[in-house]
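Step one of this worksheet: look at the structure below.
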Amino acid sequence: MARAVLLAGLQFGDEGKGSVTDFLCSRGYNLVVRYNGGPQAAHNVVFWRNGQRVHHCFSQFGSGSFHGAKTILSRHMAIDPPALLEEGRVLESKGVPAFDLLRVDEACTVITPYHRIANRMREMTRSVRHGSCGVGVGEAVLDREKGAPGIQVGENAGHLRRKLEEIREYKIESLKGLRDFSQETESLFQDLLEKRVTEVFASYFQQIISRVRVSGEAELREAVKNHSTVFEGAQGVLLDRDSGFFPYVTPSKTTLALAEEWIAGLDLEVHRVGVMRSYTVRHGAGPMPGETKEEALARVLRDEHNIDSPWQGSLRTGWLDLVLLRYALSVCKVDSIAVTGLDRMAEWRFCEKYDLGGEDFYSLGPGGRGGEFTRRLMNASGYFSEPVDAGALLQKIESVCGVPVLIESTGPAAPDKKVHPDFPIPENNSG
């Protein structure tokens with residue numbers, strides 16, 4: 001029976017899903033399915049080749065590419081053709097035949113420059129920033145859901161320019177009320193009026209179509225039957241459109257729901273993994289009761305691949321938040337846990353409970369995500385444990401999660417990972 005490991009981040013993203021995917025592909029998994037999100041993903045992988053350190057920030061390709069694993073972009077992915085073309089070229093320069101390994105669902109939503117402009121204009125004019133990545137993913141996904149003009153990868157090439165013009169005109173009409181907000185929004189609106197963008201983007205789109213294999217979902221599901229597959233998620237459960245803390249959410253589903261939907265009916269041996277750091281990071285605005293304001297500690301908890309972003313905002317750091325972890329597991333059931341970042345500290349603390357206006361909260365419950373609760377959570381104070389060592393931290397995580405920690409990571413590369421014998425490793429590579 002074919003194996004499938006489904007990965008979801010249990011925090012606000014940046015948990016190490018790419019690093020874990022890379023590790024699993026080093027141990028015999030040979031196909032990666034990207035089941036949600038889009039080019040806003042930043043999955044950093046370090047690969048050692050002939051004693052040389054090679055780094056890549058995976059965005060639209062699967063994070064197992066250094067090991068020759070193929071990539072499928074499912075219909076729930078939104079793709080950015082120019083960015084996909086550039087990432088593929090960068091991977092080729094690093095010795096990876098990226099486009100030969102890639103298959104794309106014909107129903108993937110295409111992000112255009114007009115979606116990116118709209119995304120940025122909306123974020124600029126919000127009284128409270130949501131922390132958008134500014135690449136247009138949410139704009140394209142929501143447009144598709146409401147039946148607005150859009151493009152899918154499998155579109156007839158002869159209709160491409162007409163459809164691009166329909167998107168541009170739709171965005172001009174929907175955004176004209178925002179153009180006078182600032183000099184920056186007026187500048188973006190002027191870009192929207194520039195018709196030449198259509199021709200440039202159409203050229204990129206046609207280059208991508210000429211280089212990748214586009215397939216229907218039925219054919220892609222058949223491929224999974226013949227591989228050991230990692231379903232690599234993007235972002236984190238706490239940003240989920242339905243279960244996250246509104247309005248600081250993504251338009252994407254970030255639990256395992258889309259992966260479960262994709263494999264429904266397939267005869268697979270499935271193992272679900274929740275990926276988490278041994279501490280907490282978050283880009284930009286939103287509740288984070290376990291955040292630490294200790295500058296020296298924040299410097300320790302940062303890493304070279306997680307930096308501030310002009311759209312997401314600054315990288316915030318804090319101790320592991322057990323209240324949020326309990327909540328994440330209440331909306332995303334897993335069979336085991338992968339913990340990353342265990343090399344960052346000698347001793348850890350964790351946030352055990354919150355003070356919300358004089359009340360102690362150990363668990364948020366299934367209703368703890370509405371706008372009013374989010375506002376209360378923004379003002380919550382965390383209660384922190386005494387320092388513990390890594391062993392005690394892992395025991396605490398297992399106690400809270402009710403499932404074992406089967407992968408431990410003490411660095412960014414595959415050799416820095418330790419896997420428990422109970423974890424399902426493909427039979428052709430049990431070493």
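Ordering of the structure tokens sets the chain letters (A, B, ...), residue numbers begin anew at 1 in every chain, and ligands are numbered from 1 in the order given.
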Compile the contact shell of Gly402 (chain A) as a PyMOL selection string: residues with an atom at most 12 Å away, counting only C-alpha atoms, same-chain residues fewer than 5 positions apart removed. chain A and resi 274+325-326+329-330+333-337+394-397
Find the spatial neighbours of region 37-49 of chain A, counting only C-alpha atoms, within a cut-off of 9 Å - ignore same-chain residues fewer than 3 positions away - and output them as a PDB file with N, CA and C atoms, in the first residue's frame.
ATOM      1  N   GLY A  13       2.576  29.647  10.988  1.00  0.00           N
ATOM      2  CA  GLY A  13       3.484  29.482   9.867  1.00  0.00           C
ATOM      3  C   GLY A  13       4.923  29.516  10.356  1.00  0.00           C
ATOM      4  N   ASP A  14       5.863  29.297   9.451  1.00  0.00           N
ATOM      5  CA  ASP A  14       7.307  29.305   9.776  1.00  0.00           C
ATOM      6  C   ASP A  14       7.670  28.226  10.783  1.00  0.00           C
ATOM      7  N   GLY A  16       8.690  25.106  10.058  1.00  0.00           N
ATOM      8  CA  GLY A  16       9.714  24.191   9.562  1.00  0.00           C
ATOM      9  C   GLY A  16       9.142  23.097   8.676  1.00  0.00           C
ATOM     10  N   LYS A  17       7.988  23.352   8.047  1.00  0.00           N
ATOM     11  CA  LYS A  17       7.351  22.331   7.205  1.00  0.00           C
ATOM     12  C   LYS A  17       8.240  21.953   6.022  1.00  0.00           C
ATOM     13  N   GLY A  18       8.920  22.956   5.437  1.00  0.00           N
ATOM     14  CA  GLY A  18       9.809  22.662   4.322  1.00  0.00           C
ATOM     15  C   GLY A  18      10.982  21.810   4.739  1.00  0.00           C
ATOM     16  N   SER A  19      11.550  22.120   5.891  1.00  0.00           N
ATOM     17  CA  SER A  19      12.689  21.361   6.404  1.00  0.00           C
ATOM     18  C   SER A  19      12.303  19.913   6.694  1.00  0.00           C
ATOM     19  N   VAL A  20      11.103  19.706   7.245  1.00  0.00           N
ATOM     20  CA  VAL A  20      10.632  18.344   7.531  1.00  0.00           C
ATOM     21  C   VAL A  20      10.338  17.603   6.231  1.00  0.00           C
ATOM     22  N   ASP A  22      11.838  18.091   3.346  1.00  0.00           N
ATOM     23  CA  ASP A  22      13.164  17.760   2.823  1.00  0.00           C
ATOM     24  C   ASP A  22      13.720  16.516   3.517  1.00  0.00           C
ATOM     25  N   ARG A  34       1.792  19.908  -3.034  1.00  0.00           N
ATOM     26  CA  ARG A  34       1.471  21.185  -2.381  1.00  0.00           C
ATOM     27  C   ARG A  34      -0.042  21.344  -2.420  1.00  0.00           C
ATOM     28  N   GLN A  52      29.415  20.938   0.360  1.00  0.00           N
ATOM     29  CA  GLN A  52      29.033  22.334   0.158  1.00  0.00           C
ATOM     30  C   GLN A  52      27.593  22.567   0.630  1.00  0.00           C
ATOM     31  N   ARG A  53      27.390  23.674   1.319  1.00  0.00           N
ATOM     32  CA  ARG A  53      26.063  24.018   1.826  1.00  0.00           C
ATOM     33  C   ARG A  53      25.266  24.735   0.737  1.00  0.00           C
ATOM     34  N   VAL A  54      24.111  24.173   0.388  1.00  0.00           N
ATOM     35  CA  VAL A  54      23.223  24.769  -0.611  1.00  0.00           C
ATOM     36  C   VAL A  54      21.915  25.136   0.084  1.00  0.00           C
ATOM     37  N   HIS A  55      21.486  26.364  -0.088  1.00  0.00           N
ATOM     38  CA  HIS A  55      20.231  26.809   0.523  1.00  0.00           C
ATOM     39  C   HIS A  55      19.232  27.193  -0.565  1.00  0.00           C
ATOM     40  N   HIS A  56      17.959  26.891  -0.307  1.00  0.00           N
ATOM     41  CA  HIS A  56      16.903  27.388  -1.192  1.00  0.00           C
ATOM     42  C   HIS A  56      15.653  27.680  -0.368  1.00  0.00           C
ATOM     43  N   CYS A  57      14.999  28.773  -0.700  1.00  0.00           N
ATOM     44  CA  CYS A  57      13.721  29.118  -0.087  1.00  0.00           C
ATOM     45  C   CYS A  57      12.616  28.669  -1.043  1.00  0.00           C
ATOM     46  N   PHE A  58      12.001  27.528  -0.740  1.00  0.00           N
ATOM     47  CA  PHE A  58      10.976  26.969  -1.618  1.00  0.00           C
ATOM     48  C   PHE A  58       9.687  27.773  -1.473  1.00  0.00           C
ATOM     49  N   SER A  59       9.143  28.128  -2.624  1.00  0.00           N
ATOM     50  CA  SER A  59       7.924  28.926  -2.656  1.00  0.00           C
ATOM     51  C   SER A  59       6.784  28.170  -3.324  1.00  0.00           C
ATOM     52  N   GLN A  60       7.022  27.728  -4.572  1.00  0.00           N
ATOM     53  CA  GLN A  60       5.967  27.017  -5.289  1.00  0.00           C
ATOM     54  C   GLN A  60       6.344  25.580  -5.632  1.00  0.00           C
ATOM     55  N   SER A  63       9.384  21.016  -1.351  1.00  0.00           N
ATOM     56  CA  SER A  63      10.656  21.161  -0.628  1.00  0.00           C
ATOM     57  C   SER A  63      11.501  19.895  -0.617  1.00  0.00           C
ATOM     58  N   GLY A  64      11.079  18.850  -1.338  1.00  0.00           N
ATOM     59  CA  GLY A  64      11.906  17.652  -1.460  1.00  0.00           C
ATOM     60  C   GLY A  64      12.686  17.601  -2.754  1.00  0.00           C
ATOM     61  N   PHE A  66      15.554  18.743  -3.820  1.00  0.00           N
ATOM     62  CA  PHE A  66      16.988  18.439  -3.809  1.00  0.00           C
ATOM     63  C   PHE A  66      17.242  16.930  -3.841  1.00  0.00           C
ATOM     64  N   HIS A  76      -5.891  23.422  -5.406  1.00  0.00           N
ATOM     65  CA  HIS A  76      -6.079  24.404  -4.333  1.00  0.00           C
ATOM     66  C   HIS A  76      -4.921  25.395  -4.241  1.00  0.00           C
ATOM     67  N   MET A  77      -3.890  25.191  -5.057  1.00  0.00           N
ATOM     68  CA  MET A  77      -2.773  26.128  -5.100  1.00  0.00           C
ATOM     69  C   MET A  77      -3.099  27.307  -6.010  1.00  0.00           C
ATOM     70  N   ALA A  78      -2.616  28.477  -5.627  1.00  0.00           N
ATOM     71  CA  ALA A  78      -2.627  29.641  -6.518  1.00  0.00           C
ATOM     72  C   ALA A  78      -1.188  29.849  -6.979  1.00  0.00           C
ATOM     73  N   ILE A  79      -0.967  30.010  -8.278  1.00  0.00           N
ATOM     74  CA  ILE A  79       0.394  30.107  -8.772  1.00  0.00           C
ATOM     75  C   ILE A  79       0.642  31.467  -9.422  1.00  0.00           C
ATOM     76  N   ASP A  80       1.875  31.902  -9.327  1.00  0.00           N
ATOM     77  CA  ASP A  80       2.336  33.152  -9.931  1.00  0.00           C
ATOM     78  C   ASP A  80       3.335  32.771 -11.027  1.00  0.00           C
ATOM     79  N   ALA A  83       6.976  34.264 -11.026  1.00  0.00           N
ATOM     80  CA  ALA A  83       7.722  33.798  -9.848  1.00  0.00           C
ATOM     81  C   ALA A  83       8.057  32.317  -9.964  1.00  0.00           C
ATOM     82  N   LEU A  84       7.131  31.525 -10.518  1.00  0.00           N
ATOM     83  CA  LEU A  84       7.381  30.102 -10.711  1.00  0.00           C
ATOM     84  C   LEU A  84       8.506  29.882 -11.711  1.00  0.00           C
ATOM     85  N   CYS A 133       0.938  39.109   2.828  1.00  0.00           N
ATOM     86  CA  CYS A 133       2.251  38.943   2.194  1.00  0.00           C
ATOM     87  C   CYS A 133       2.418  39.843   0.975  1.00  0.00           C
ATOM     88  N   GLY A 134       1.320  40.425   0.483  1.00  0.00           N
ATOM     89  CA  GLY A 134       1.405  41.379  -0.612  1.00  0.00           C
ATOM     90  C   GLY A 134       1.659  40.797  -1.982  1.00  0.00           C
ATOM     91  N   VAL A 135       1.397  39.483  -2.181  1.00  0.00           N
ATOM     92  CA  VAL A 135       1.662  38.876  -3.483  1.00  0.00           C
ATOM     93  C   VAL A 135       0.387  38.548  -4.246  1.00  0.00           C
ATOM     94  N   GLY A 136      -0.794  38.784  -3.659  1.00  0.00           N
ATOM     95  CA  GLY A 136      -2.049  38.643  -4.383  1.00  0.00           C
ATOM     96  C   GLY A 136      -2.743  37.307  -4.258  1.00  0.00           C
ATOM     97  N   VAL A 137      -2.274  36.428  -3.392  1.00  0.00           N
ATOM     98  CA  VAL A 137      -2.878  35.098  -3.266  1.00  0.00           C
ATOM     99  C   VAL A 137      -4.346  35.202  -2.862  1.00  0.00           C
ATOM    100  N   GLY A 138      -4.598  35.897  -1.746  1.00  0.00           N
ATOM    101  CA  GLY A 138      -5.961  36.000  -1.252  1.00  0.00           C
ATOM    102  C   GLY A 138      -6.893  36.654  -2.247  1.00  0.00           C
ATOM    103  N   GLY A 233       1.992  21.359   3.517  1.00  0.00           N
ATOM    104  CA  GLY A 233       1.097  22.489   3.712  1.00  0.00           C
ATOM    105  C   GLY A 233       1.832  23.812   3.734  1.00  0.00           C
ATOM    106  N   ALA A 234       1.067  24.896   3.590  1.00  0.00           N
ATOM    107  CA  ALA A 234       1.614  26.250   3.662  1.00  0.00           C
ATOM    108  C   ALA A 234       0.923  27.000   4.787  1.00  0.00           C
ATOM    109  N   GLN A 235       1.640  27.967   5.381  1.00  0.00           N
ATOM    110  CA  GLN A 235       1.143  28.777   6.492  1.00  0.00           C
ATOM    111  C   GLN A 235       0.826  27.884   7.696  1.00  0.00           C
ATOM    112  N   THR A 250      -5.769  34.073   6.762  1.00  0.00           N
ATOM    113  CA  THR A 250      -5.508  33.965   5.335  1.00  0.00           C
ATOM    114  C   THR A 250      -6.775  33.474   4.642  1.00  0.00           C
ATOM    115  N   PRO A 251      -6.984  33.784   3.366  1.00  0.00           N
ATOM    116  CA  PRO A 251      -8.141  33.237   2.657  1.00  0.00           C
ATOM    117  C   PRO A 251      -8.043  31.738   2.387  1.00  0.00           C
ATOM    118  N   SER A 252      -6.929  31.127   2.710  1.00  0.00           N
ATOM    119  CA  SER A 252      -6.710  29.707   2.452  1.00  0.00           C
ATOM    120  C   SER A 252      -7.105  28.864   3.664  1.00  0.00           C
ATOM    121  N   LYS A 253      -7.456  27.600   3.404  1.00  0.00           N
ATOM    122  CA  LYS A 253      -7.624  26.634   4.484  1.00  0.00           C
ATOM    123  C   LYS A 253      -6.244  26.062   4.802  1.00  0.00           C
ATOM    124  N   THR A 254      -5.829  26.182   6.056  1.00  0.00           N
ATOM    125  CA  THR A 254      -4.469  25.779   6.413  1.00  0.00           C
ATOM    126  C   THR A 254      -4.433  24.563   7.336  1.00  0.00           C
ATOM    127  N   HIS A 305      16.972  32.902   8.165  1.00  0.00           N
ATOM    128  CA  HIS A 305      16.026  32.814   7.061  1.00  0.00           C
ATOM    129  C   HIS A 305      14.688  33.472   7.364  1.00  0.00           C
ATOM    130  N   ASN A 306      14.462  33.888   8.601  1.00  0.00           N
ATOM    131  CA  ASN A 306      13.222  34.568   8.954  1.00  0.00           C
ATOM    132  C   ASN A 306      13.535  36.011   9.286  1.00  0.00           C
ATOM    133  N   PRO A 412      18.760  23.068  10.291  1.00  0.00           N
ATOM    134  CA  PRO A 412      17.976  23.228   9.068  1.00  0.00           C
ATOM    135  C   PRO A 412      18.095  22.113   8.046  1.00  0.00           C
ATOM    136  N   ALA A 413      19.097  21.239   8.166  1.00  0.00           N
ATOM    137  CA  ALA A 413      19.342  20.234   7.129  1.00  0.00           C
ATOM    138  C   ALA A 413      18.822  18.866   7.561  1.00  0.00           C
ATOM    139  N   ALA A 414      18.692  17.953   6.598  1.00  0.00           N
ATOM    140  CA  ALA A 414      18.183  16.616   6.884  1.00  0.00           C
ATOM    141  C   ALA A 414      19.012  15.872   7.940  1.00  0.00           C
TER     142      ALA A 414
END
Write out as a PDB file with C-alpha atoms, in the first residue's frame the residues lying within 7 Å of Tyr279 (chain A), counting only C-alpha atoms and excluding same-chain residues fewer than 4 positions away.
ATOM      1  CA  GLY A 318       7.916  34.284  22.047  1.00  0.00           C
ATOM      2  CA  TRP A 319       7.895  31.207  24.209  1.00  0.00           C
ATOM      3  CA  LEU A 320       5.927  28.135  23.178  1.00  0.00           C
TER       4      LEU A 320
END
Can you check which residues of region 38-156 of chain A DSSP gives as alpha helix (DSSP H) on the backbone and send them as a ChimeraX atom specification? /A:81-93,113-125,137-145
Would you save the residues of that selection, restricted to N, CA and C atoms, as an mmCIF file, in the first residue's frame?
data_model
loop_
_atom_site.group_PDB
_atom_site.id
_atom_site.type_symbol
_atom_site.label_atom_id
_atom_site.label_comp_id
_atom_site.auth_asym_id
_atom_site.auth_seq_id
_atom_site.Cartn_x
_atom_site.Cartn_y
_atom_site.Cartn_z
ATOM 1 N N PRO A 81 2.936 32.803 -12.303
ATOM 2 C CA PRO A 81 3.821 32.308 -13.380
ATOM 3 C C PRO A 81 5.206 32.937 -13.422
ATOM 4 N N PRO A 82 5.355 34.288 -13.360
ATOM 5 C CA PRO A 82 6.723 34.825 -13.397
ATOM 6 C C PRO A 82 7.571 34.330 -12.227
ATOM 7 N N ALA A 83 6.976 34.264 -11.026
ATOM 8 C CA ALA A 83 7.722 33.798 -9.848
ATOM 9 C C ALA A 83 8.057 32.317 -9.964
ATOM 10 N N LEU A 84 7.131 31.525 -10.518
ATOM 11 C CA LEU A 84 7.381 30.102 -10.711
ATOM 12 C C LEU A 84 8.506 29.882 -11.711
ATOM 13 N N LEU A 85 8.507 30.662 -12.774
ATOM 14 C CA LEU A 85 9.566 30.556 -13.782
ATOM 15 C C LEU A 85 10.921 30.899 -13.176
ATOM 16 N N GLU A 86 10.971 31.964 -12.383
ATOM 17 C CA GLU A 86 12.233 32.376 -11.772
ATOM 18 C C GLU A 86 12.706 31.355 -10.744
ATOM 19 N N GLU A 87 11.794 30.825 -9.931
ATOM 20 C CA GLU A 87 12.212 29.834 -8.937
ATOM 21 C C GLU A 87 12.750 28.582 -9.616
ATOM 22 N N GLY A 88 12.094 28.165 -10.704
ATOM 23 C CA GLY A 88 12.579 26.997 -11.425
ATOM 24 C C GLY A 88 13.981 27.212 -11.987
ATOM 25 N N ARG A 89 14.233 28.406 -12.498
ATOM 26 C CA ARG A 89 15.568 28.721 -13.034
ATOM 27 C C ARG A 89 16.615 28.727 -11.925
ATOM 28 N N VAL A 90 16.257 29.264 -10.766
ATOM 29 C CA VAL A 90 17.194 29.272 -9.640
ATOM 30 C C VAL A 90 17.504 27.841 -9.211
ATOM 31 N N LEU A 91 16.487 26.987 -9.132
ATOM 32 C CA LEU A 91 16.723 25.593 -8.759
ATOM 33 C C LEU A 91 17.598 24.888 -9.790
ATOM 34 N N GLU A 92 17.377 25.185 -11.063
ATOM 35 C CA GLU A 92 18.231 24.586 -12.098
ATOM 36 C C GLU A 92 19.684 24.999 -11.918
ATOM 37 N N SER A 93 19.909 26.240 -11.509
ATOM 38 C CA SER A 93 21.283 26.694 -11.273
ATOM 39 C C SER A 93 21.916 25.974 -10.085
ATOM 40 N N PRO A 113 -0.581 40.278 -12.077
ATOM 41 C CA PRO A 113 -0.125 41.527 -11.455
ATOM 42 C C PRO A 113 -1.287 42.362 -10.907
ATOM 43 N N TYR A 114 -2.452 42.217 -11.512
ATOM 44 C CA TYR A 114 -3.602 43.003 -11.073
ATOM 45 C C TYR A 114 -4.112 42.530 -9.702
ATOM 46 N N HIS A 115 -3.995 41.237 -9.437
ATOM 47 C CA HIS A 115 -4.339 40.735 -8.103
ATOM 48 C C HIS A 115 -3.353 41.257 -7.059
ATOM 49 N N ARG A 116 -2.078 41.290 -7.433
ATOM 50 C CA ARG A 116 -1.062 41.786 -6.499
ATOM 51 C C ARG A 116 -1.285 43.270 -6.187
ATOM 52 N N ILE A 117 -1.590 44.067 -7.204
ATOM 53 C CA ILE A 117 -1.859 45.486 -6.985
ATOM 54 C C ILE A 117 -3.060 45.662 -6.057
ATOM 55 N N ALA A 118 -4.124 44.908 -6.317
ATOM 56 C CA ALA A 118 -5.329 45.017 -5.495
ATOM 57 C C ALA A 118 -5.050 44.618 -4.053
ATOM 58 N N ASN A 119 -4.315 43.553 -3.873
ATOM 59 C CA ASN A 119 -3.934 43.086 -2.542
ATOM 60 C C ASN A 119 -3.215 44.193 -1.757
ATOM 61 N N ARG A 120 -2.266 44.830 -2.406
ATOM 62 C CA ARG A 120 -1.461 45.843 -1.718
ATOM 63 C C ARG A 120 -2.277 47.110 -1.431
ATOM 64 N N MET A 121 -3.131 47.493 -2.378
ATOM 65 C CA MET A 121 -3.950 48.677 -2.139
ATOM 66 C C MET A 121 -4.909 48.451 -0.966
ATOM 67 N N ARG A 122 -5.508 47.283 -0.892
ATOM 68 C CA ARG A 122 -6.443 47.002 0.213
ATOM 69 C C ARG A 122 -5.713 46.989 1.559
ATOM 70 N N GLU A 123 -4.545 46.382 1.566
ATOM 71 C CA GLU A 123 -3.796 46.317 2.830
ATOM 72 C C GLU A 123 -3.356 47.705 3.274
ATOM 73 N N MET A 124 -2.925 48.540 2.319
ATOM 74 C CA MET A 124 -2.489 49.900 2.655
ATOM 75 C C MET A 124 -3.606 50.742 3.266
ATOM 76 N N THR A 125 -4.834 50.491 2.848
ATOM 77 C CA THR A 125 -5.944 51.348 3.275
ATOM 78 C C THR A 125 -6.700 50.817 4.481
ATOM 79 N N VAL A 137 -2.274 36.428 -3.392
ATOM 80 C CA VAL A 137 -2.878 35.098 -3.266
ATOM 81 C C VAL A 137 -4.346 35.202 -2.862
ATOM 82 N N GLY A 138 -4.598 35.897 -1.746
ATOM 83 C CA GLY A 138 -5.961 36.000 -1.252
ATOM 84 C C GLY A 138 -6.893 36.654 -2.247
ATOM 85 N N GLU A 139 -6.399 37.668 -2.928
ATOM 86 C CA GLU A 139 -7.213 38.391 -3.906
ATOM 87 C C GLU A 139 -7.651 37.451 -5.028
ATOM 88 N N ALA A 140 -6.733 36.643 -5.539
ATOM 89 C CA ALA A 140 -7.053 35.721 -6.632
ATOM 90 C C ALA A 140 -8.003 34.618 -6.167
ATOM 91 N N VAL A 141 -7.754 34.089 -4.971
ATOM 92 C CA VAL A 141 -8.594 32.996 -4.448
ATOM 93 C C VAL A 141 -10.017 33.483 -4.195
ATOM 94 N N LEU A 142 -10.164 34.634 -3.545
ATOM 95 C CA LEU A 142 -11.493 35.151 -3.246
ATOM 96 C C LEU A 142 -12.244 35.542 -4.512
ATOM 97 N N ASP A 143 -11.529 36.085 -5.509
ATOM 98 C CA ASP A 143 -12.172 36.397 -6.788
ATOM 99 C C ASP A 143 -12.742 35.135 -7.425
ATOM 100 N N ARG A 144 -11.966 34.061 -7.361
ATOM 101 C CA ARG A 144 -12.448 32.805 -7.954
ATOM 102 C C ARG A 144 -13.705 32.319 -7.233
ATOM 103 N N GLU A 145 -13.714 32.427 -5.927
ATOM 104 C CA GLU A 145 -14.861 31.947 -5.149
ATOM 105 C C GLU A 145 -16.131 32.719 -5.466
#
What is the distance, in Å and to one decimal place, between CA of Thr109 (chain A) and CA of Gln152 (chain A)? 4.7 Å
Just list as a short mmCIF file (atom, residue, chain, number, x, y, z; two decimals) with N, CA and C atoms, in the first residue's frame whatever in region 194-270 of chain A DSSP marks as strand (DSSP E or B).
data_model
loop_
_atom_site.label_atom_id
_atom_site.label_comp_id
_atom_site.auth_asym_id
_atom_site.auth_seq_id
_atom_site.Cartn_x
_atom_site.Cartn_y
_atom_site.Cartn_z
N ARG A 213 4.17 20.24 -17.16
CA ARG A 213 3.13 19.29 -17.57
C ARG A 213 1.86 19.65 -16.81
N VAL A 214 0.82 19.99 -17.53
CA VAL A 214 -0.47 20.34 -16.93
C VAL A 214 -1.40 19.15 -17.06
N SER A 215 -2.04 18.77 -15.95
CA SER A 215 -2.86 17.55 -15.92
C SER A 215 -4.16 17.81 -15.18
N THR A 229 4.35 9.69 -0.61
CA THR A 229 4.04 11.09 -0.83
C THR A 229 4.01 11.90 0.45
N VAL A 230 4.57 13.10 0.39
CA VAL A 230 4.44 14.09 1.45
C VAL A 230 3.50 15.18 0.96
N PHE A 231 2.45 15.43 1.72
CA PHE A 231 1.55 16.55 1.44
C PHE A 231 2.04 17.74 2.27
N GLU A 232 2.66 18.68 1.57
CA GLU A 232 3.33 19.81 2.22
C GLU A 232 2.39 21.01 2.30
N GLY A 233 1.99 21.36 3.52
CA GLY A 233 1.10 22.49 3.71
C GLY A 233 1.83 23.81 3.73
N ALA A 234 1.07 24.90 3.59
CA ALA A 234 1.61 26.25 3.66
C ALA A 234 0.92 27.00 4.79
N GLN A 235 1.64 27.97 5.38
CA GLN A 235 1.14 28.78 6.49
C GLN A 235 0.83 27.88 7.70
N GLY A 236 0.02 28.34 8.63
CA GLY A 236 -0.21 27.57 9.84
C GLY A 236 -1.68 27.54 10.22
N LEU A 268 -4.55 4.52 0.62
CA LEU A 268 -3.26 4.97 1.12
C LEU A 268 -3.11 4.69 2.61
N GLU A 269 -1.90 4.43 3.01
CA GLU A 269 -1.58 4.38 4.45
C GLU A 269 -1.20 5.80 4.86
N VAL A 270 -2.05 6.45 5.64
CA VAL A 270 -1.93 7.88 5.92
C VAL A 270 -1.45 8.13 7.33
#
